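Engineer: My structure file start-v7.cif, mmCIF, C-alpha atoms and all ligand atoms, is below:
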data_start
#
loop_
_atom_site.label_atom_id
_atom_site.label_comp_id
_atom_site.auth_asym_id
_atom_site.auth_seq_id
_atom_site.Cartn_x
_atom_site.Cartn_y
_atom_site.Cartn_z
CA MET T 15 -1.00 -22.02 17.20
CA SER T 16 -0.46 -25.50 15.74
CA THR T 17 1.71 -26.28 12.77
CA VAL T 18 0.15 -27.86 9.68
CA THR T 19 1.31 -29.18 6.33
CA VAL T 20 -0.01 -27.65 3.13
CA ILE T 21 0.78 -28.69 -0.42
CA ILE T 22 1.41 -25.99 -3.01
CA ASP T 23 2.09 -27.12 -6.57
CA LYS T 24 2.76 -30.66 -5.33
CA LYS T 25 5.36 -29.58 -2.77
CA LYS T 26 4.82 -29.81 0.99
CA TYR T 27 5.32 -26.83 3.32
CA ARG T 28 5.03 -26.55 7.08
CA THR T 29 3.21 -23.46 8.28
CA GLU T 30 1.05 -22.18 11.09
CA GLN T 31 -2.59 -23.16 10.97
CA GLY T 32 -4.64 -20.23 9.70
CA GLU T 33 -1.83 -18.47 7.88
CA MET T 34 -3.04 -17.29 4.50
CA ILE T 35 -1.81 -19.36 1.54
CA LEU T 36 -0.64 -16.30 -0.40
CA ARG T 37 1.64 -15.41 2.47
CA VAL T 38 3.01 -18.96 2.70
CA ALA T 39 3.58 -19.02 -1.05
CA ARG T 40 5.42 -15.72 -1.07
CA ARG T 41 7.63 -16.77 1.79
CA GLU T 42 8.54 -19.91 -0.16
CA GLY T 43 9.29 -17.94 -3.32
CA ILE T 44 6.20 -19.05 -5.25
CA ASP T 45 4.99 -16.34 -7.59
CA ILE T 46 1.30 -15.58 -7.22
CA PRO T 47 0.31 -12.14 -8.54
CA ALA T 48 -1.63 -9.81 -6.26
CA LEU T 49 -2.83 -6.26 -6.53
CA CYS T 50 -4.80 -5.66 -3.35
CA TYR T 51 -2.50 -7.51 -0.94
CA HIS T 52 -0.03 -5.96 1.49
CA GLU T 53 1.86 -7.85 4.20
CA GLY T 54 1.03 -5.27 6.84
CA LEU T 55 -2.69 -4.98 6.11
CA SER T 56 -5.72 -7.22 6.47
CA PRO T 57 -6.59 -9.35 3.42
CA PHE T 58 -9.36 -7.89 1.31
CA GLY T 59 -9.93 -10.31 -1.57
CA ALA T 60 -10.81 -7.58 -4.05
CA CYS T 61 -8.54 -7.96 -7.06
CA ARG T 62 -8.93 -11.76 -7.42
CA LEU T 63 -5.52 -12.00 -9.06
CA CYS T 64 -4.18 -14.28 -6.36
CA MET T 65 -6.56 -17.08 -7.29
CA VAL T 66 -5.45 -20.66 -6.84
CA GLU T 67 -7.18 -23.95 -7.38
CA VAL T 68 -8.00 -26.00 -4.30
CA VAL T 69 -7.59 -29.68 -5.13
CA ALA T 70 -7.76 -31.31 -1.67
CA GLY T 71 -8.37 -30.54 1.98
CA GLY T 72 -10.83 -27.72 1.35
CA ARG T 73 -13.80 -26.80 -0.77
CA PRO T 74 -12.67 -27.73 -4.30
CA GLY T 75 -12.63 -24.94 -6.83
CA ILE T 76 -10.91 -21.64 -7.54
CA THR T 77 -10.52 -19.17 -4.72
CA THR T 78 -8.37 -16.25 -3.58
CA SER T 79 -5.19 -17.36 -1.82
CA CYS T 80 -4.95 -14.14 0.21
CA THR T 81 -8.09 -15.18 2.10
CA LEU T 82 -7.48 -18.94 2.11
CA ALA T 83 -6.34 -20.10 5.53
CA ALA T 84 -3.87 -22.97 5.84
CA THR T 85 -5.29 -26.19 7.25
CA ASP T 86 -3.62 -29.58 7.52
CA GLY T 87 -3.63 -31.37 4.16
CA LEU T 88 -4.83 -28.40 2.15
CA GLU T 89 -3.56 -28.75 -1.40
CA VAL T 90 -3.59 -25.98 -3.98
CA LYS T 91 -2.26 -25.41 -7.47
CA THR T 92 -1.23 -21.90 -8.39
CA ALA T 93 -1.00 -22.05 -12.17
CA THR T 94 -3.55 -24.45 -13.67
CA ASP T 95 -4.89 -23.56 -17.11
CA GLY T 96 -8.13 -22.32 -15.55
CA VAL T 97 -6.35 -20.11 -12.99
CA VAL T 98 -4.00 -18.63 -15.57
CA LYS T 99 -6.88 -17.87 -17.94
CA ILE T 100 -8.91 -16.05 -15.27
CA ARG T 101 -5.84 -14.18 -14.07
CA ARG T 102 -4.95 -12.97 -17.56
CA GLY T 103 -8.52 -11.85 -18.18
CA LEU T 104 -8.47 -9.85 -14.95
CA LEU T 105 -5.15 -8.27 -15.82
CA GLU T 106 -6.61 -7.18 -19.15
CA LEU T 107 -9.54 -5.57 -17.35
CA TYR T 108 -7.22 -3.73 -14.97
CA LEU T 109 -5.07 -2.60 -17.87
CA ALA T 110 -8.17 -1.20 -19.58
CA GLN T 111 -8.95 0.74 -16.41
CA ALA T 112 -5.44 2.06 -15.79
CA PRO T 113 -3.45 1.61 -19.01
CA ASP T 114 -0.62 3.96 -18.02
CA ALA T 115 0.13 2.65 -14.53
CA PRO T 116 3.76 1.42 -14.68
CA SER T 117 3.57 -1.13 -11.86
CA LEU T 118 0.33 -2.57 -13.21
CA ARG T 119 1.79 -2.82 -16.72
CA GLN T 120 4.84 -4.54 -15.28
CA LEU T 121 2.75 -7.03 -13.31
CA ALA T 122 0.63 -7.76 -16.37
CA ALA T 123 3.69 -8.25 -18.56
CA GLN T 124 5.16 -10.68 -16.02
CA HIS T 125 2.06 -12.77 -16.57
CA GLY T 126 2.06 -12.58 -20.33
CA VAL T 127 -0.40 -9.70 -20.75
CA THR T 128 0.87 -6.74 -22.71
CA HIS T 129 -2.36 -5.29 -24.06
CA SER T 130 -6.06 -5.37 -23.27
CA ARG T 131 -8.91 -6.54 -25.48
CA PHE T 132 -11.27 -4.41 -23.42
CA VAL T 133 -12.12 -0.78 -23.96
CA ARG T 134 -13.85 1.31 -21.34
CA GLU T 135 -17.30 2.49 -22.32
CA ARG T 136 -16.55 6.05 -21.36
CA GLN T 137 -13.00 7.27 -21.64
CA LYS T 138 -12.24 8.96 -18.35
CA ASP T 139 -9.22 11.14 -18.05
CA ALA T 140 -9.39 12.23 -14.41
CA PRO T 141 -6.61 10.37 -12.56
CA GLU T 142 -8.92 9.08 -9.84
CA GLU T 143 -11.10 7.44 -12.52
CA LYS T 144 -8.19 5.05 -13.10
CA CYS T 145 -8.56 3.62 -9.61
CA VAL T 146 -8.96 -0.17 -9.67
CA LEU T 147 -10.64 -0.25 -6.23
CA CYS T 148 -8.00 -2.49 -4.68
CA GLY T 149 -8.70 -0.77 -1.34
CA LEU T 150 -5.05 -0.57 -0.30
CA CYS T 151 -5.30 3.19 0.32
CA VAL T 152 -8.41 2.73 2.46
CA ARG T 153 -6.83 -0.01 4.54
CA VAL T 154 -3.49 1.72 5.02
CA CYS T 155 -5.23 4.92 6.11
CA ASN T 156 -7.63 3.13 8.46
CA GLU T 157 -5.59 0.22 9.77
CA ALA T 158 -1.97 1.32 9.68
CA VAL T 159 -2.12 5.11 10.03
CA GLY T 160 -5.36 5.12 12.01
CA ALA T 161 -6.53 8.38 10.43
CA GLY T 162 -9.69 7.07 8.71
CA VAL T 163 -9.72 9.79 6.08
CA ILE T 164 -11.12 7.81 3.14
CA ASN T 165 -13.48 4.97 2.42
CA PHE T 166 -15.54 3.40 -0.34
CA THR T 167 -18.69 5.14 -1.40
CA GLY T 168 -21.35 4.30 -4.01
CA ARG T 169 -22.22 0.94 -5.51
CA GLY T 170 -21.32 -1.14 -8.54
CA PRO T 171 -19.75 0.90 -11.33
CA GLU T 172 -20.25 4.07 -9.27
CA THR T 173 -18.05 2.80 -6.43
CA LYS T 174 -15.30 5.24 -5.54
CA VAL T 175 -12.83 5.92 -2.79
CA THR T 176 -13.26 9.36 -1.27
CA THR T 177 -13.54 11.43 1.89
CA PRO T 178 -16.88 11.64 3.76
CA TYR T 179 -19.31 13.79 1.71
CA ARG T 180 -16.40 14.43 -0.67
CA GLU T 181 -15.33 17.27 1.59
CA PRO T 182 -11.73 18.12 2.52
CA SER T 183 -10.73 16.11 5.57
CA ASN T 184 -9.44 17.52 8.84
CA ALA T 185 -8.34 14.04 9.94
CA CYS T 186 -5.65 13.69 7.25
CA ILE T 187 -2.12 13.93 8.64
CA GLY T 188 -0.55 14.28 5.18
CA CYS T 189 1.56 11.14 5.55
CA THR T 190 1.13 10.09 1.85
CA ALA T 191 0.89 6.40 2.80
CA CYS T 192 -2.16 6.13 0.52
CA ALA T 193 -0.14 7.31 -2.47
CA GLN T 194 2.73 5.01 -1.63
CA VAL T 195 0.63 1.84 -1.66
CA CYS T 196 -1.52 2.76 -4.68
CA PRO T 197 -0.65 0.33 -7.52
CA THR T 198 -2.00 2.67 -10.21
CA GLU T 199 -0.25 5.77 -8.89
CA VAL T 200 -3.33 7.94 -9.28
CA ILE T 201 -3.30 9.71 -5.92
CA GLN T 202 -2.17 13.27 -6.52
CA ILE T 203 -0.29 15.18 -3.86
CA ALA T 204 1.40 18.57 -4.18
CA ASP T 205 3.49 20.60 -1.73
CA VAL T 206 3.22 24.31 -2.47
CA ARG T 207 4.23 27.23 -0.23
CA GLY T 208 4.10 25.39 3.08
CA ILE T 209 0.89 23.50 2.33
CA ARG T 210 0.50 19.86 1.32
CA SER T 211 -2.56 19.41 -0.90
CA VAL T 212 -3.92 15.90 -1.15
CA ILE T 213 -5.75 16.71 -4.36
CA THR T 214 -7.38 13.33 -4.87
CA TRP T 215 -8.97 13.39 -1.40
CA SER T 216 -11.22 16.36 -2.03
CA ASP T 217 -8.25 18.71 -2.08
CA THR T 218 -7.51 18.20 1.59
CA LYS T 219 -4.88 20.65 2.86
CA VAL T 220 -2.32 20.01 5.56
CA ALA T 221 0.16 22.59 6.84
CA LEU T 222 3.85 21.70 6.49
CA LYS T 223 6.22 22.47 9.31
CA GLN T 224 9.21 24.75 8.88
CA CYS T 225 12.61 24.00 10.34
CA ARG T 226 13.38 26.39 13.17
CA ILE T 227 17.06 26.50 12.19
CA CYS T 228 17.26 26.52 8.38
CA GLY T 229 13.68 27.47 7.52
CA ARG T 230 13.35 24.53 5.14
CA THR T 231 9.89 22.97 4.72
CA MET T 232 9.56 19.76 6.69
CA GLU T 233 6.91 17.06 7.12
CA PRO T 234 3.28 18.02 7.75
CA GLU T 235 2.60 19.38 11.24
CA PRO T 236 0.04 16.69 12.25
CA LEU T 237 2.31 13.91 10.97
CA VAL T 238 5.21 15.14 13.10
CA GLN T 239 2.94 15.29 16.14
CA GLU T 240 1.65 11.79 15.45
CA VAL T 241 5.13 10.33 15.03
CA HIS T 242 6.28 11.91 18.27
CA ARG T 243 3.19 10.73 20.08
CA LYS T 244 3.29 7.14 18.82
CA ILE T 245 6.87 6.28 17.99
CA ILE T 246 9.54 8.51 19.42
CA ASP T 247 9.62 11.00 22.18
CA LEU T 248 11.98 13.51 20.63
CA SER T 249 13.49 16.06 22.95
CA GLU T 250 11.95 19.54 22.78
CA GLU T 251 15.02 20.99 21.08
CA PHE T 252 14.51 18.73 18.06
CA LYS T 253 10.77 18.98 17.61
CA ASP T 254 10.92 21.89 15.17
CA VAL T 255 14.18 20.90 13.49
CA CYS T 256 14.49 19.19 10.10
CA ILE T 257 16.41 15.96 9.65
CA LYS T 258 19.38 17.68 7.99
CA CYS T 259 19.83 20.15 10.85
CA ARG T 260 19.42 17.34 13.37
CA GLN T 261 22.14 15.34 11.64
CA ARG T 262 24.40 18.38 11.45
CA TYR T 263 23.90 18.98 15.16
CA ARG T 264 24.75 15.35 15.94
CA THR T 265 27.87 15.43 13.75
CA VAL T 266 29.10 18.59 15.47
CA LYS T 267 28.30 17.14 18.88
CA LEU T 268 30.16 13.89 18.11
CA HIS T 269 33.12 15.89 16.78
CA HIS T 270 33.25 17.88 20.05
CA MET T 271 33.08 14.67 22.06
CA ASP T 272 36.00 13.19 20.06
CA MET T 273 37.98 16.38 20.58
CA ALA T 274 37.30 16.27 24.30
CA LYS T 275 38.51 12.63 24.47
CA THR T 276 41.81 13.44 22.77
CA LYS T 277 42.61 16.31 25.13
S1 LIG T 301 -4.49 -10.27 -3.50
FE1 LIG T 301 -6.02 -11.71 -3.14
S2 LIG T 301 -7.74 -10.83 -4.04
FE2 LIG T 301 -6.23 -9.32 -4.32
#
Show me, as structure tokens, the structure contained in the file I just sent.
Ligand code: FES
Structural biologist:
Amino acid sequence: MSTVTVIIDKKKYRTEQGEMILRVARREGIDIPALCYHEGLSPFGACRLCMVEVVAGGRPGITTSCTLAATDGLEVKTATDGVVKIRRGLLELYLAQAPDAPSLRQLAAQHGVTHSRFVRERQKDAPEEKCVLCGLCVRVCNEAVGAGVINFTGRGPETKVTTPYREPSNACIGCTACAQVCPTEVIQIADVRGIRSVITWSDTKVALKQCRICGRTMEPEPLVQEVHRKIIDLSEEFKDVCIKCRQRYRTVKLHHMDMAKTK
């Protein structure tokens, strides 16, 4: 991969050809807001908040920096009057959609938007109606977790994120990654009596494991299996043991080893 020079807000930066400008900017400490971007996921270009103005080396005009690849001589400006105006308008629209979302409110405030001029036609109170369709949950579930539980369905104003046929999913491993990346915090999850209910995804249910030693509820069964399969090959004696009991076991074992050394 060759190295190129890009110019962001009149300052030159060296980067790899093809690296997305939003990523370069963030690495260099340049503040460009983004709602649908995550370092570990593919760019999606949905929220449009990351817009920048291309002034040289590419097609002139305003475009999303999360999907703008670095090429030699590319020059962008991140905060022209036009960019700031569009960005603020978008933030107002998102605030109208999800007025109570703390991280969204914080992001808006950082960019000078504390209230919205827009009012939704129909006031919708169901949490999932406050989704801003950033697609982070879909991408984390499909790309990072590999479970493919949810996707977009419908068109235009009827677009939603849901499970196939809006039925409970048997592919969900109960990892909660979707809820963790959601900027509007609308994904509802509840753990009750050994069952994790992913309420927002058609009330999908996943069984939680119980610690063999203390009986405490642990992570969901399919998540534990997945972690062991993909990441660590935990010895059989630890597979049904919660983290606290594992740590206790290790502490006791280390203590015995220290005692043995001093004898
Ligand atoms: S971060 Fe680029 S469009 Fe959302």
Engineer: Dump the neighbourhood of ligand LIG 301 (chain T) as a PyMOL selection string: all residues within 6 Å, distances computed on all atoms listed in the file.
Structural biologist: chain T and resi 48-51+59-64+78-80
Engineer: Which polymer residues have any atom within 12 Å of an atom of Pro113 in chain T, counting only C-alpha atoms, with same-chain residues fewer than 3 positions away left out, as a PyMOL selection string?
Structural biologist: chain T and resi 105-110+116-120+122+127-134+137-139+141+143-146+197-200
Engineer: Between T:His125, T:Glu33, T:Ala112, T:Asp86, single out the one closest to Lys99 in chain T, counting all atoms listed in the file.
Structural biologist: T:His125
Engineer: For Ser183 in chain T, which residue out of T:Ala158, T:Asp217, T:Lys26, T:Gly170 is the nearest one, using all atoms listed in the file?
Structural biologist: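 Of T:Ala158, T:Asp217, T:Lys26, T:Gly170, the one nearest Ser183 in chain T is T:Asp217, counting all atoms listed in the file.
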Engineer: Pick out the residues sitting within 10 Å of Pro234 in chain T, and hand them over as a PyMOL selection string; count only C-alpha atoms, and ignore anything fewer than 6 positions along from it in its own chain.
Structural biologist: chain T and resi 186-189+205+208-210+219-224
Engineer: Using only C-alpha atoms, which residue out of T:Cys196, T:Tyr263, T:Phe252, T:Gln31 lies closest to Thr17 in chain T?
Structural biologist: T:Gln31
Engineer: To one decimal in Å, tell me the separation between CA of Arg40 in chain T and CA of Val68 in chain T.
Structural biologist: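 One can read the CA of Arg40 in chain T to CA of Val68 in chain T distance as 17.2 Å.
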Engineer: Kindly give the distance, in Å, that separates CA of Val66 in chain T and CA of Thr92 in chain T, rounded to a single decimal.
Structural biologist: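 We find that CA of Val66 in chain T and CA of Thr92 in chain T lie 4.7 Å from each other.
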Engineer: Kindly give the distance, in Å, that separates CA of Glu30 in chain T and CA of Arg101 in chain T, rounded to a single decimal.
Structural biologist: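 So the answer is 27.3 Å.
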Engineer: Taking into account only C-alpha atoms, which residue in the set T:Pro182, T:Gly75, T:Gly32, T:Gly160 is nearest to Lys244 in chain T?
Structural biologist: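 Looking only at the distances to Lys244 in chain T, the closest residue turns out to be T:Gly160.
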Engineer: Emit as JSON the padded axis-aligned box for all listed atoms of range 110-118 of chain T, 6 Å per side, with centre and edge lengths in Å to one decimal.
Structural biologist:
{"center_x": -2.6, "center_y": 0.7, "center_z": -15.7, "size_x": 24.7, "size_y": 18.5, "size_z": 19.7}
Engineer: For Arg102 in chain T, which of T:Ala83, T:Ile201, T:Ala123, T:Ile227 is the closest residue, counting only C-alpha atoms?
Structural biologist: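 For Arg102 in chain T, the nearest of the candidates is T:Ala123.
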Engineer: Mind running range 28-74 of chain T against range 151-156 of chain T at 12 Å and telling me each contacting residue's nearest atom pair with the distance in Å (one decimal), counting all atoms listed in the file, chain and number ascending, as CSV?
Structural biologist:
residue,atom,partner,partner_atom,distance
T:Leu49,CA,T:Cys151,CA,11.9
T:Cys50,CA,T:Cys151,CA,9.6
T:Tyr51,CA,T:Arg153,CA,10.2
T:His52,CA,T:Val154,CA,9.1
T:Glu53,CA,T:Val154,CA,11.0
T:Gly54,CA,T:Val154,CA,8.5
T:Leu55,CA,T:Arg153,CA,6.7
T:Ser56,CA,T:Arg153,CA,7.5
T:Pro57,CA,T:Arg153,CA,9.4
T:Phe58,CA,T:Arg153,CA,8.9
Engineer: Considering all atoms listed in the file, can you say which of T:Gln239, T:Thr19, T:Gln124, T:Thr77 comes closest to Val97 in chain T?
Structural biologist: T:Thr77
Engineer: Show which residues sit within 8 Å of Gly71 in chain T, as a PyMOL selection string. Count all atoms listed in the file, and ignore same-chain residues fewer than 4 positions away.
Structural biologist: chain T and resi 85-89
Engineer: Please complete range 222-233 of chain T so it has all heavy atoms, and hand it over as a short mmCIF file (atom, residue, chain, number, x, y, z; two decimals), in the frame of the given file.
Structural biologist:
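Dumped everything to part_17.cif:
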data_model
loop_
_atom_site.label_atom_id
_atom_site.label_comp_id
_atom_site.auth_asym_id
_atom_site.auth_seq_id
_atom_site.Cartn_x
_atom_site.Cartn_y
_atom_site.Cartn_z
N LEU T 222 2.52 22.31 6.32
CA LEU T 222 3.85 21.70 6.49
C LEU T 222 4.62 22.50 7.53
O LEU T 222 4.48 23.71 7.63
CB LEU T 222 4.60 21.73 5.15
CG LEU T 222 3.98 20.89 4.03
CD1 LEU T 222 4.65 21.21 2.70
CD2 LEU T 222 4.11 19.41 4.33
N LYS T 223 5.41 21.80 8.29
CA LYS T 223 6.22 22.47 9.31
C LYS T 223 7.44 23.13 8.67
O LYS T 223 7.88 22.72 7.61
CB LYS T 223 6.72 21.41 10.30
CG LYS T 223 6.09 21.48 11.67
CD LYS T 223 6.60 20.36 12.52
CE LYS T 223 7.11 20.84 13.85
NZ LYS T 223 6.17 21.58 14.66
N GLN T 224 7.97 24.12 9.36
CA GLN T 224 9.21 24.75 8.88
C GLN T 224 10.30 24.54 9.90
O GLN T 224 10.06 24.65 11.11
CB GLN T 224 8.98 26.25 8.73
CG GLN T 224 8.74 26.66 7.31
CD GLN T 224 8.92 28.15 7.13
OE1 GLN T 224 8.70 28.90 8.06
NE2 GLN T 224 9.31 28.56 5.96
N CYS T 225 11.49 24.23 9.41
CA CYS T 225 12.61 24.00 10.34
C CYS T 225 12.97 25.29 11.05
O CYS T 225 13.16 26.33 10.41
CB CYS T 225 13.81 23.45 9.57
SG CYS T 225 15.28 23.29 10.59
N ARG T 226 13.08 25.21 12.35
CA ARG T 226 13.38 26.39 13.17
C ARG T 226 14.79 26.93 12.87
O ARG T 226 15.04 28.12 12.99
CB ARG T 226 13.27 25.98 14.66
CG ARG T 226 13.64 27.02 15.67
CD ARG T 226 13.20 26.60 17.06
NE ARG T 226 13.57 25.22 17.42
CZ ARG T 226 14.76 24.85 17.85
NH1 ARG T 226 15.73 25.72 17.96
NH2 ARG T 226 15.00 23.59 18.18
N ILE T 227 15.69 26.06 12.41
CA ILE T 227 17.06 26.50 12.19
C ILE T 227 17.28 26.99 10.75
O ILE T 227 17.72 28.11 10.53
CB ILE T 227 18.05 25.36 12.54
CG1 ILE T 227 17.93 25.03 14.03
CG2 ILE T 227 19.48 25.73 12.18
CD1 ILE T 227 18.73 23.85 14.49
N CYS T 228 16.95 26.15 9.77
CA CYS T 228 17.26 26.52 8.38
C CYS T 228 16.06 27.08 7.62
O CYS T 228 16.21 27.61 6.53
CB CYS T 228 17.85 25.34 7.63
SG CYS T 228 16.64 24.03 7.33
N GLY T 229 14.88 26.94 8.17
CA GLY T 229 13.68 27.47 7.52
C GLY T 229 13.12 26.58 6.42
O GLY T 229 12.11 26.90 5.80
N ARG T 230 13.80 25.44 6.19
CA ARG T 230 13.35 24.53 5.14
C ARG T 230 11.99 23.90 5.50
O ARG T 230 11.71 23.70 6.69
CB ARG T 230 14.40 23.43 5.00
CG ARG T 230 14.37 22.71 3.68
CD ARG T 230 15.47 21.67 3.61
NE ARG T 230 16.78 22.25 3.34
CZ ARG T 230 17.87 22.03 4.07
NH1 ARG T 230 17.80 21.27 5.14
NH2 ARG T 230 19.01 22.57 3.75
N THR T 231 11.19 23.61 4.47
CA THR T 231 9.89 22.97 4.72
C THR T 231 10.11 21.52 5.13
O THR T 231 10.90 20.81 4.52
CB THR T 231 9.03 23.01 3.44
OG1 THR T 231 8.93 24.37 3.05
CG2 THR T 231 7.64 22.47 3.69
N MET T 232 9.40 21.14 6.18
CA MET T 232 9.56 19.76 6.69
C MET T 232 8.29 18.94 6.42
O MET T 232 7.50 19.29 5.57
CB MET T 232 9.79 19.79 8.21
CG MET T 232 11.05 20.46 8.64
SD MET T 232 11.03 20.80 10.42
CE MET T 232 10.53 19.28 11.18
N GLU T 233 8.10 17.90 7.22
CA GLU T 233 6.91 17.06 7.12
C GLU T 233 5.68 17.84 7.59
O GLU T 233 5.81 18.86 8.25
CB GLU T 233 7.07 15.82 8.03
CG GLU T 233 8.24 14.93 7.71
CD GLU T 233 9.55 15.41 8.32
OE1 GLU T 233 9.50 16.38 9.12
OE2 GLU T 233 10.59 14.85 8.00
#
